[in-house]
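> For reference, the file input_34.cif (mmCIF, C-alpha atoms and all ligand atoms) is included below:
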data_structure
#
loop_
_atom_site.group_PDB
_atom_site.id
_atom_site.type_symbol
_atom_site.label_atom_id
_atom_site.label_comp_id
_atom_site.auth_asym_id
_atom_site.auth_seq_id
_atom_site.Cartn_x
_atom_site.Cartn_y
_atom_site.Cartn_z
ATOM 1 C CA MET A 1 45.431 108.509 110.890
ATOM 2 C CA ALA A 2 46.519 104.914 110.391
ATOM 3 C CA PRO A 3 46.663 102.894 113.619
ATOM 4 C CA GLN A 4 49.933 103.078 115.514
ATOM 5 C CA ILE A 5 51.449 100.428 117.760
ATOM 6 C CA SER A 6 53.431 101.337 120.872
ATOM 7 C CA PRO A 7 54.856 98.194 122.554
ATOM 8 C CA SER A 8 55.364 98.579 126.292
ATOM 9 C CA ILE A 9 58.757 97.504 127.565
ATOM 10 C CA LEU A 10 57.203 96.799 130.968
ATOM 11 C CA SER A 11 57.049 93.181 129.786
ATOM 12 C CA ALA A 12 60.538 93.250 128.196
ATOM 13 C CA ASP A 13 63.797 92.033 129.741
ATOM 14 C CA PHE A 14 64.859 94.838 132.108
ATOM 15 C CA ALA A 15 68.428 93.487 132.063
ATOM 16 C CA ASP A 16 68.590 93.918 128.283
ATOM 17 C CA LEU A 17 66.205 96.730 127.369
ATOM 18 C CA GLY A 18 68.269 97.990 124.446
ATOM 19 C CA ALA A 19 68.111 94.608 122.720
ATOM 20 C CA ASP A 20 64.385 94.223 123.383
ATOM 21 C CA VAL A 21 63.681 97.665 121.914
ATOM 22 C CA ALA A 22 65.723 96.746 118.842
ATOM 23 C CA ARG A 23 63.576 93.636 118.337
ATOM 24 C CA ILE A 24 60.456 95.699 117.646
ATOM 25 C CA ALA A 25 62.003 98.875 116.195
ATOM 26 C CA SER A 26 61.443 97.984 112.525
ATOM 27 C CA ASP A 27 57.749 97.297 113.026
ATOM 28 C CA ALA A 28 56.519 99.514 115.859
ATOM 29 C CA ASP A 29 55.845 103.253 115.724
ATOM 30 C CA TRP A 30 56.868 104.016 119.296
ATOM 31 C CA VAL A 31 58.407 102.416 122.360
ATOM 32 C CA HIS A 32 56.074 102.823 125.329
ATOM 33 C CA VAL A 33 58.044 103.424 128.532
ATOM 34 C CA ASP A 34 56.120 103.045 131.802
ATOM 35 C CA VAL A 35 57.581 105.246 134.519
ATOM 36 C CA MET A 36 56.179 104.275 137.942
ATOM 37 C CA ASP A 37 57.177 105.811 141.269
ATOM 38 C CA ASN A 38 55.488 103.507 143.816
ATOM 39 C CA HIS A 39 53.316 106.436 144.908
ATOM 40 C CA PHE A 40 50.862 107.128 142.105
ATOM 41 C CA VAL A 41 50.807 103.363 141.469
ATOM 42 C CA PRO A 42 51.902 100.467 143.703
ATOM 43 C CA ASN A 43 54.905 99.562 141.560
ATOM 44 C CA LEU A 44 58.368 100.945 140.872
ATOM 45 C CA THR A 45 60.013 100.728 137.455
ATOM 46 C CA LEU A 46 62.474 103.210 136.006
ATOM 47 C CA GLY A 47 63.107 106.908 135.665
ATOM 48 C CA LEU A 48 64.914 109.587 133.732
ATOM 49 C CA PRO A 49 68.414 107.998 133.680
ATOM 50 C CA VAL A 50 67.084 104.829 132.033
ATOM 51 C CA VAL A 51 65.026 106.893 129.581
ATOM 52 C CA GLN A 52 68.149 108.894 128.699
ATOM 53 C CA ALA A 53 70.039 105.656 128.066
ATOM 54 C CA LEU A 54 67.211 104.276 125.898
ATOM 55 C CA LEU A 55 67.097 107.500 123.902
ATOM 56 C CA LYS A 56 70.702 106.912 122.861
ATOM 57 C CA THR A 57 69.995 103.450 121.507
ATOM 58 C CA SER A 58 66.379 103.414 120.279
ATOM 59 C CA ALA A 59 65.788 103.809 116.537
ATOM 60 C CA ILE A 60 62.167 104.866 117.146
ATOM 61 C CA PRO A 61 60.760 107.588 119.424
ATOM 62 C CA LEU A 62 59.940 107.023 123.077
ATOM 63 C CA ASP A 63 56.357 107.325 124.311
ATOM 64 C CA CYS A 64 56.858 108.023 128.020
ATOM 65 C CA HIS A 65 53.878 107.285 130.268
ATOM 66 C CA LEU A 66 54.442 108.902 133.635
ATOM 67 C CA MET A 67 52.550 107.121 136.409
ATOM 68 C CA ILE A 68 54.052 109.340 139.084
ATOM 69 C CA GLU A 69 52.569 111.608 141.708
ATOM 70 C CA ASP A 70 54.452 114.770 140.772
ATOM 71 C CA PRO A 71 54.359 115.038 136.987
ATOM 72 C CA ASP A 72 54.491 118.838 137.151
ATOM 73 C CA ARG A 73 58.011 118.555 138.472
ATOM 74 C CA TRP A 74 59.302 115.725 136.285
ATOM 75 C CA ALA A 75 57.475 115.660 132.954
ATOM 76 C CA PRO A 76 59.258 118.612 131.291
ATOM 77 C CA GLN A 77 62.599 116.912 131.922
ATOM 78 C CA TYR A 78 61.524 113.845 129.927
ATOM 79 C CA ALA A 79 60.605 116.133 127.045
ATOM 80 C CA GLU A 80 63.876 118.050 127.320
ATOM 81 C CA ALA A 81 65.776 114.749 127.316
ATOM 82 C CA GLY A 82 64.295 113.993 123.896
ATOM 83 C CA ALA A 83 61.240 111.808 124.440
ATOM 84 C CA GLY A 84 58.902 112.024 121.460
ATOM 85 C CA SER A 85 55.798 111.954 123.611
ATOM 86 C CA VAL A 86 55.258 112.543 127.331
ATOM 87 C CA THR A 87 51.967 111.621 129.001
ATOM 88 C CA ILE A 88 50.990 112.845 132.457
ATOM 89 C CA HIS A 89 48.030 111.611 134.494
ATOM 90 C CA ALA A 90 45.112 113.949 135.060
ATOM 91 C CA GLU A 91 44.649 112.494 138.553
ATOM 92 C CA ALA A 92 48.206 113.438 139.525
ATOM 93 C CA ALA A 93 48.873 116.780 137.855
ATOM 94 C CA GLY A 94 48.454 119.870 140.011
ATOM 95 C CA ALA A 95 48.896 122.285 137.115
ATOM 96 C CA PRO A 96 48.135 120.237 133.995
ATOM 97 C CA ILE A 97 47.886 123.158 131.583
ATOM 98 C CA ARG A 98 51.249 124.559 132.610
ATOM 99 C CA THR A 99 52.875 121.133 132.485
ATOM 100 C CA LEU A 100 51.347 120.180 129.110
ATOM 101 C CA ARG A 101 52.555 123.488 127.675
ATOM 102 C CA ALA A 102 56.035 122.891 129.101
ATOM 103 C CA ILE A 103 56.131 119.460 127.444
ATOM 104 C CA ARG A 104 55.164 120.970 124.106
ATOM 105 C CA SER A 105 57.612 123.833 124.356
ATOM 106 C CA ALA A 106 60.385 121.335 124.984
ATOM 107 C CA GLY A 107 59.498 119.787 121.608
ATOM 108 C CA ALA A 108 57.584 116.666 122.634
ATOM 109 C CA ARG A 109 53.995 115.645 122.025
ATOM 110 C CA ALA A 110 51.914 116.244 125.144
ATOM 111 C CA GLY A 111 49.682 113.453 126.426
ATOM 112 C CA LEU A 112 47.011 113.436 129.119
ATOM 113 C CA GLY A 113 46.175 110.089 130.712
ATOM 114 C CA VAL A 114 43.104 109.068 132.692
ATOM 115 C CA ASN A 115 42.467 105.992 134.827
ATOM 116 C CA PRO A 116 39.546 103.669 134.074
ATOM 117 C CA ALA A 117 37.172 105.365 136.528
ATOM 118 C CA THR A 118 38.069 108.946 135.591
ATOM 119 C CA PRO A 119 35.560 110.544 133.191
ATOM 120 C CA VAL A 120 36.911 112.351 130.119
ATOM 121 C CA GLU A 121 34.168 114.925 129.781
ATOM 122 C CA GLY A 122 35.797 117.210 132.350
ATOM 123 C CA PHE A 123 38.841 117.487 130.091
ATOM 124 C CA ALA A 124 37.022 118.477 126.922
ATOM 125 C CA ASP A 125 38.307 122.040 127.159
ATOM 126 C CA LEU A 126 41.894 120.798 127.449
ATOM 127 C CA LEU A 127 41.850 118.974 124.110
ATOM 128 C CA GLY A 128 43.515 121.933 122.417
ATOM 129 C CA GLU A 129 46.400 121.651 124.869
ATOM 130 C CA ILE A 130 47.191 118.009 124.103
ATOM 131 C CA ASP A 131 48.396 115.822 121.266
ATOM 132 C CA MET A 132 47.176 112.546 122.748
ATOM 133 C CA LEU A 133 44.565 111.364 125.204
ATOM 134 C CA LEU A 134 45.465 108.091 126.949
ATOM 135 C CA LEU A 135 42.598 106.012 128.275
ATOM 136 C CA MET A 136 43.759 103.327 130.705
ATOM 137 C CA THR A 137 41.979 100.043 130.014
ATOM 138 C CA VAL A 138 43.353 98.457 133.220
ATOM 139 C CA GLU A 139 44.065 100.019 136.599
ATOM 140 C CA PRO A 140 47.621 101.319 136.106
ATOM 141 C CA GLY A 141 50.584 99.666 137.795
ATOM 142 C CA PHE A 142 51.191 96.279 136.251
ATOM 143 C CA GLY A 143 51.446 94.551 132.906
ATOM 144 C CA GLY A 144 49.513 91.432 132.009
ATOM 145 C CA GLN A 145 46.172 92.465 133.515
ATOM 146 C CA LYS A 146 42.774 91.710 132.016
ATOM 147 C CA PHE A 147 41.316 94.300 129.660
ATOM 148 C CA LEU A 148 38.446 96.300 131.201
ATOM 149 C CA ASP A 149 35.559 96.273 128.736
ATOM 150 C CA VAL A 150 33.800 98.784 130.953
ATOM 151 C CA VAL A 151 36.092 101.490 129.494
ATOM 152 C CA LEU A 152 34.927 100.977 125.875
ATOM 153 C CA PRO A 153 31.959 103.385 126.088
ATOM 154 C CA LYS A 154 34.432 106.037 127.275
ATOM 155 C CA VAL A 155 36.641 105.351 124.245
ATOM 156 C CA ARG A 156 33.617 106.044 122.033
ATOM 157 C CA ARG A 157 32.738 109.225 123.906
ATOM 158 C CA ALA A 158 36.333 110.433 123.775
ATOM 159 C CA ARG A 159 36.443 109.866 120.010
ATOM 160 C CA GLU A 160 33.218 111.842 119.674
ATOM 161 C CA LEU A 161 34.629 114.696 121.769
ATOM 162 C CA ILE A 162 37.758 114.820 119.598
ATOM 163 C CA ARG A 163 35.723 114.704 116.394
ATOM 164 C CA GLY A 164 33.406 117.397 117.714
ATOM 165 C CA ARG A 165 36.334 119.745 118.289
ATOM 166 C CA ASP A 166 37.976 118.784 114.992
ATOM 167 C CA LEU A 167 41.390 118.497 116.638
ATOM 168 C CA PRO A 168 44.244 116.156 115.614
ATOM 169 C CA VAL A 169 44.354 114.515 119.052
ATOM 170 C CA TRP A 170 45.437 110.865 119.067
ATOM 171 C CA LEU A 171 43.466 108.458 121.256
ATOM 172 C CA GLN A 172 45.606 105.850 122.987
ATOM 173 C CA VAL A 173 44.442 102.752 124.862
ATOM 174 C CA ASP A 174 46.775 101.089 127.362
ATOM 175 C CA GLY A 175 46.279 97.886 129.310
ATOM 176 C CA GLY A 176 45.201 94.413 128.270
ATOM 177 C CA VAL A 177 45.422 95.261 124.573
ATOM 178 C CA SER A 178 45.942 92.005 122.669
ATOM 179 C CA ALA A 179 44.787 90.027 119.647
ATOM 180 C CA GLU A 180 41.558 89.391 121.583
ATOM 181 C CA THR A 181 40.789 93.022 122.431
ATOM 182 C CA ILE A 182 42.489 95.349 119.925
ATOM 183 C CA GLU A 183 39.672 95.199 117.387
ATOM 184 C CA ARG A 184 37.108 96.323 119.975
ATOM 185 C CA CYS A 185 39.370 99.261 120.864
ATOM 186 C CA ALA A 186 39.872 100.281 117.233
ATOM 187 C CA GLU A 187 36.187 99.946 116.474
ATOM 188 C CA ALA A 188 35.409 102.217 119.445
ATOM 189 C CA GLY A 189 37.770 104.916 118.173
ATOM 190 C CA ALA A 190 41.295 104.311 119.495
ATOM 191 C CA ASP A 191 44.165 104.919 117.081
ATOM 192 C CA VAL A 192 47.291 104.341 119.219
ATOM 193 C CA PHE A 193 47.614 100.937 120.864
ATOM 194 C CA VAL A 194 49.940 100.100 123.740
ATOM 195 C CA ALA A 195 50.657 96.394 124.105
ATOM 196 C CA GLY A 196 53.108 94.968 126.623
ATOM 197 C CA SER A 197 52.563 91.294 127.347
ATOM 198 C CA ALA A 198 50.881 90.683 123.975
ATOM 199 C CA VAL A 199 54.132 91.739 122.278
ATOM 200 C CA TYR A 200 56.935 90.737 124.627
ATOM 201 C CA ASN A 201 55.462 87.423 125.777
ATOM 202 C CA ALA A 202 55.116 86.359 122.134
ATOM 203 C CA ASP A 203 57.736 84.084 120.578
ATOM 204 C CA ASP A 204 58.306 86.713 117.885
ATOM 205 C CA PRO A 205 57.582 90.235 119.200
ATOM 206 C CA ALA A 206 58.012 91.857 115.762
ATOM 207 C CA GLU A 207 55.477 89.499 114.242
ATOM 208 C CA ALA A 208 53.105 90.202 117.143
ATOM 209 C CA VAL A 209 53.343 93.939 116.348
ATOM 210 C CA ARG A 210 52.591 93.317 112.659
ATOM 211 C CA ARG A 211 49.560 91.197 113.516
ATOM 212 C CA LEU A 212 48.184 93.715 115.987
ATOM 213 C CA ARG A 213 48.589 96.472 113.406
ATOM 214 C CA ALA A 214 46.758 94.465 110.743
ATOM 215 C CA GLN A 215 43.900 93.720 113.140
ATOM 216 C CA ALA A 216 43.639 97.372 114.197
ATOM 217 C CA GLN A 217 43.642 98.518 110.581
ATOM 218 C CA ARG A 218 40.887 96.080 109.611
ATOM 219 C CA ALA A 219 38.701 97.075 112.555
ATOM 220 C CA THR A 220 39.250 100.791 111.900
ATOM 221 C CA ASP A 221 38.334 100.414 108.232
ATOM 222 C CA ALA A 222 35.186 98.526 109.180
ATOM 223 C CA ALA A 223 34.181 101.041 111.866
ATOM 224 C CA GLY A 224 34.195 104.112 109.684
ATOM 225 C CA TRP A 225 34.719 106.669 112.463
ATOM 226 C CA ALA A 226 38.053 107.619 110.839
ATOM 227 C CA GLU A 227 36.413 108.767 107.573
HETATM 228 C C1 LIG A 301 50.160 99.512 133.029
HETATM 229 C C2 LIG A 301 51.029 100.144 131.965
HETATM 230 C C3 LIG A 301 50.897 99.488 130.657
HETATM 231 C C4 LIG A 301 51.308 98.037 130.661
HETATM 232 C C5 LIG A 301 50.511 97.341 129.622
HETATM 233 O O1 LIG A 301 50.060 100.350 134.117
HETATM 234 O O2 LIG A 301 50.713 101.503 131.792
HETATM 235 O O3 LIG A 301 51.595 100.200 129.661
HETATM 236 O O4 LIG A 301 52.648 97.834 130.369
HETATM 237 O O5 LIG A 301 50.800 95.987 129.709
HETATM 238 P P1 LIG A 301 49.823 94.911 129.067
HETATM 239 O O6 LIG A 301 49.750 95.212 127.603
HETATM 240 O O7 LIG A 301 50.459 93.620 129.369
HETATM 241 O O8 LIG A 301 48.489 95.088 129.741
HETATM 242 ZN ZN ZN A 302 51.577 102.512 130.011
#
Can you turn what I pasted into structure tokens?

Amino acid sequence: MAPQISPSILSADFADLGADVARIASDADWVHVDVMDNHFVPNLTLGLPVVQALLKTSAIPLDCHLMIEDPDRWAPQYAEAGAGSVTIHAEAAGAPIRTLRAIRSAGARAGLGVNPATPVEGFADLLGEIDMLLLMTVEPGFGGQKFLDVVLPKVRRARELIRGRDLPVWLQVDGGVSAETIERCAEAGADVFVAGSAVYNADDPAEAVRRLRAQAQRATDAAGWAE
């Protein structure tokens, strides 16, 4: 699959989200929406009502990343509302298989996210239940943090696990992804790239998306894991 770019609106203007989504909609594949509840992570952002409002105005699908402590209760509602993709955290889900299946039956892509220190190997048997694996490359909670290189070996191992099972699971990296780090992520095996500050702190967010995509494509072509 060609690399996909999912700009995070965590670094956008929260007083004018619709306009900031429109700025990247012609160039990005997804809009990454970070839902934080101040329990799973030490930050509070937005919830279902804002997602419902964004769904009415966004020209591209929403990639909802739920950093909340009770995803079993809330995740299916994001899918039912019309989100294109809903990711729950492995560390938070009490019944991940049931919740991932509920997301899929509501018509959304089901994502499973893991924090930097959470190993992926324990989730190998769940790969058939998911459409995307999200590897956090910062500790979740805030935009603008420094990319954690220590996660790159896990990106490689996750790509190997996915290849080994021959499943069409996308591999997303989230946190500190920028012009400086995106090539390392693509080379290691990521194919969906979340970028918040690297897109919305740029003078021209659409141009930033195009550049990130070109870099990811070059690094993927050079790496050869996608063959
Ligand atoms: C962090 C969020 C990320 C964040 C990325 O917990 O999940 O999506 O917005 O922001 P940057 O790209 O600035 O690290
Ligand atoms: Zn995120």
> Kindly provide the residues of segment 30-110 of chain A that approach segment 118-130 of chain A to within 8 Å, each paired with its closest atom pair and their distance in Å to one decimal, based on all atoms listed in the file, listed by chain and increasing number, as a Markdown table.

| residue | atom | partner | partner_atom | distance |
| --- | --- | --- | --- | --- |
| A:Ile97 | CA | A:Glu129 | CA | 7.0 |
| A:Leu100 | CA | A:Glu129 | CA | 6.7 |
| A:Arg101 | CA | A:Glu129 | CA | 7.0 |
| A:Arg109 | CA | A:Ile130 | CA | 7.5 |
| A:Ala110 | CA | A:Ile130 | CA | 5.1 |
> Using only C-alpha atoms and all ligand atoms, find the one residue out of A:Ala93, A:Val33, A:Leu167, A:Ala2 that sits nearest to ligand LIG 301 (chain A).
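The answer is A:Val33, which sits nearest to ligand LIG 301 (chain A).
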> Each residue of chain A lying at most 6 Å from ligand LIG 301 (chain A) should get a row with its shortest atom-to-atom pair and the distance in Å to one decimal, counting all atoms listed in the file; could you produce that, ordered by chain and increasing number, as a tab-separated table?

residue	atom	partner	partner_atom	distance
A:Ser8	CA	A:LIG301	O4	5.0
A:Leu10	CA	A:LIG301	O4	4.7
A:Asp34	CA	A:LIG301	O2	5.6
A:Pro140	CA	A:LIG301	O1	3.3
A:Gly141	CA	A:LIG301	O1	3.8
A:Phe142	CA	A:LIG301	C1	4.7
A:Gly143	CA	A:LIG301	O5	3.6
A:Gly144	CA	A:LIG301	O7	3.6
A:Gln145	CA	A:LIG301	O8	5.1
A:Asp174	CA	A:LIG301	O3	5.4
A:Gly175	CA	A:LIG301	O8	3.6
A:Gly176	CA	A:LIG301	O8	3.7
A:Val177	CA	A:LIG301	O6	5.3
A:Ala195	CA	A:LIG301	O6	3.8
A:Gly196	CA	A:LIG301	O6	3.5
A:Ser197	CA	A:LIG301	O7	3.7
A:Ala198	CA	A:LIG301	O6	5.9
> Could you state which residues are captured by the PyMOL selection byres (((chain A and resi 147) around 6) and not hetatm) in this file, as a ChimeraX atom specification?
/A:137-138,146,148,176
> Using all atoms listed in the file, find the one residue out of A:Gly111, A:Pro61, A:Pro168, A:Pro153 that sits nearest to ligand ZN 302 (chain A).
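Smallest distance to ligand ZN 302 (chain A) is found for A:Gly111.
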> Can you work out which one of A:Ala19, A:Ala79, A:Ala208, A:Val194 has the shortest atom-to-atom distance to Pro3 of chain A, counting only C-alpha atoms?
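Looking at the shortest contact to Pro3 of chain A, the residue is A:Val194.
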> Measure the distance from atom CA of Asp13 of chain A to atom CA of Gly84 of chain A in Å and round it to one decimal.
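Between these atoms lies a distance of 22.2 Å.
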> Just how far from atom CA of Ala59 of chain A is atom CA of Ala102 of chain A, in Å to one decimal?
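Answer for the atom CA of Ala102 of chain A to atom CA of Ala59 of chain A separation: 24.8 Å.
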> For segment 59-72 of chain A, take all atoms listed in the file, fit an axis-aligned box around them, add 4 Å to each of the six sides, then output centre and edge lengths in Å rounded to one decimal, as JSON.

{"center_x": 59.2, "center_y": 111.3, "center_z": 129.1, "size_x": 21.2, "size_y": 23.0, "size_z": 33.2}
> So, with all atoms listed in the file as the atoms that count, which of A:Leu54, A:Ile60, A:Val155, A:Leu133 lies closest to Asp29 of chain A?
A:Ile60
> Name all residues at most 8 Å from Pro71 of chain A (count all atoms listed in the file; drop same-chain ones fewer than 5 positions away) and give them as number ranges by chain.
A: 66, 88-89, 92-93, 99
> Figure out the distance between atom CA of Leu152 of chain A and atom CA of Pro7 of chain A, please, to one decimal in Å.
20.4 Å
> Identify which of the residues A:Cys185, A:Ala75, A:Ala81, A:Ala202 lies closest to Pro96 of chain A, counting all atoms listed in the file when measuring atom-to-atom distances.
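With all atoms listed in the file as the atom set, the closest residue is A:Ala75.
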> Which residues, written as a PDB file with C-alpha atoms, keeping the file's coordinate frame, have at least one atom at most 12 Å from Gly82 of chain A, with all atoms listed in the file counted and residues fewer than 4 positions away on the same chain left out?

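File written: around.pdb
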ATOM      1  CA  LEU A  48      64.914 109.587 133.732  1.00  0.00           C
ATOM      2  CA  VAL A  51      65.026 106.893 129.581  1.00  0.00           C
ATOM      3  CA  GLN A  52      68.149 108.894 128.699  1.00  0.00           C
ATOM      4  CA  ALA A  53      70.039 105.656 128.066  1.00  0.00           C
ATOM      5  CA  LEU A  54      67.211 104.276 125.898  1.00  0.00           C
ATOM      6  CA  LEU A  55      67.097 107.500 123.902  1.00  0.00           C
ATOM      7  CA  LYS A  56      70.702 106.912 122.861  1.00  0.00           C
ATOM      8  CA  SER A  58      66.379 103.414 120.279  1.00  0.00           C
ATOM      9  CA  ILE A  60      62.167 104.866 117.146  1.00  0.00           C
ATOM     10  CA  PRO A  61      60.760 107.588 119.424  1.00  0.00           C
ATOM     11  CA  LEU A  62      59.940 107.023 123.077  1.00  0.00           C
ATOM     12  CA  ASP A  63      56.357 107.325 124.311  1.00  0.00           C
ATOM     13  CA  CYS A  64      56.858 108.023 128.020  1.00  0.00           C
ATOM     14  CA  ALA A  75      57.475 115.660 132.954  1.00  0.00           C
ATOM     15  CA  PRO A  76      59.258 118.612 131.291  1.00  0.00           C
ATOM     16  CA  GLN A  77      62.599 116.912 131.922  1.00  0.00           C
ATOM     17  CA  TYR A  78      61.524 113.845 129.927  1.00  0.00           C
ATOM     18  CA  VAL A  86      55.258 112.543 127.331  1.00  0.00           C
ATOM     19  CA  ILE A 103      56.131 119.460 127.444  1.00  0.00           C
ATOM     20  CA  ARG A 104      55.164 120.970 124.106  1.00  0.00           C
ATOM     21  CA  SER A 105      57.612 123.833 124.356  1.00  0.00           C
ATOM     22  CA  ALA A 106      60.385 121.335 124.984  1.00  0.00           C
ATOM     23  CA  GLY A 107      59.498 119.787 121.608  1.00  0.00           C
ATOM     24  CA  ALA A 108      57.584 116.666 122.634  1.00  0.00           C
ATOM     25  CA  ARG A 109      53.995 115.645 122.025  1.00  0.00           C
TER      26      ARG A 109
END
> Show which residues sit within 6 Å of Met67 of chain A, as number ranges by chain. Count only C-alpha atoms, and ignore same-chain residues fewer than 2 positions away.
A: 35-36, 40
> Taking (40.5, 106.2, 115.9) in the coordinates of the supplied file, I want to know which residues reach to within 9 Å of it, counting only C-alpha atoms; could you give the answer as a VMD selection string?
chain A and resid 1 to 3 159 170 to 172 185 to 192 220 225 to 226
> For ligand ZN 302 (chain A), which residue among A:Val151, A:Leu161, A:Val173, A:Ala216 is the nearest when counting only C-alpha atoms and all ligand atoms?
A:Val173
> Neighbouring residues of Arg218 of chain A were defined as those with any atom within 9 Å, considering only C-alpha atoms; residues of the same chain fewer than 4 positions away were excluded. Please report them as a list in words.
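Those residues are Glu183, Ala186, Arg213, Ala214, Ala222 and Ala223 of chain A.
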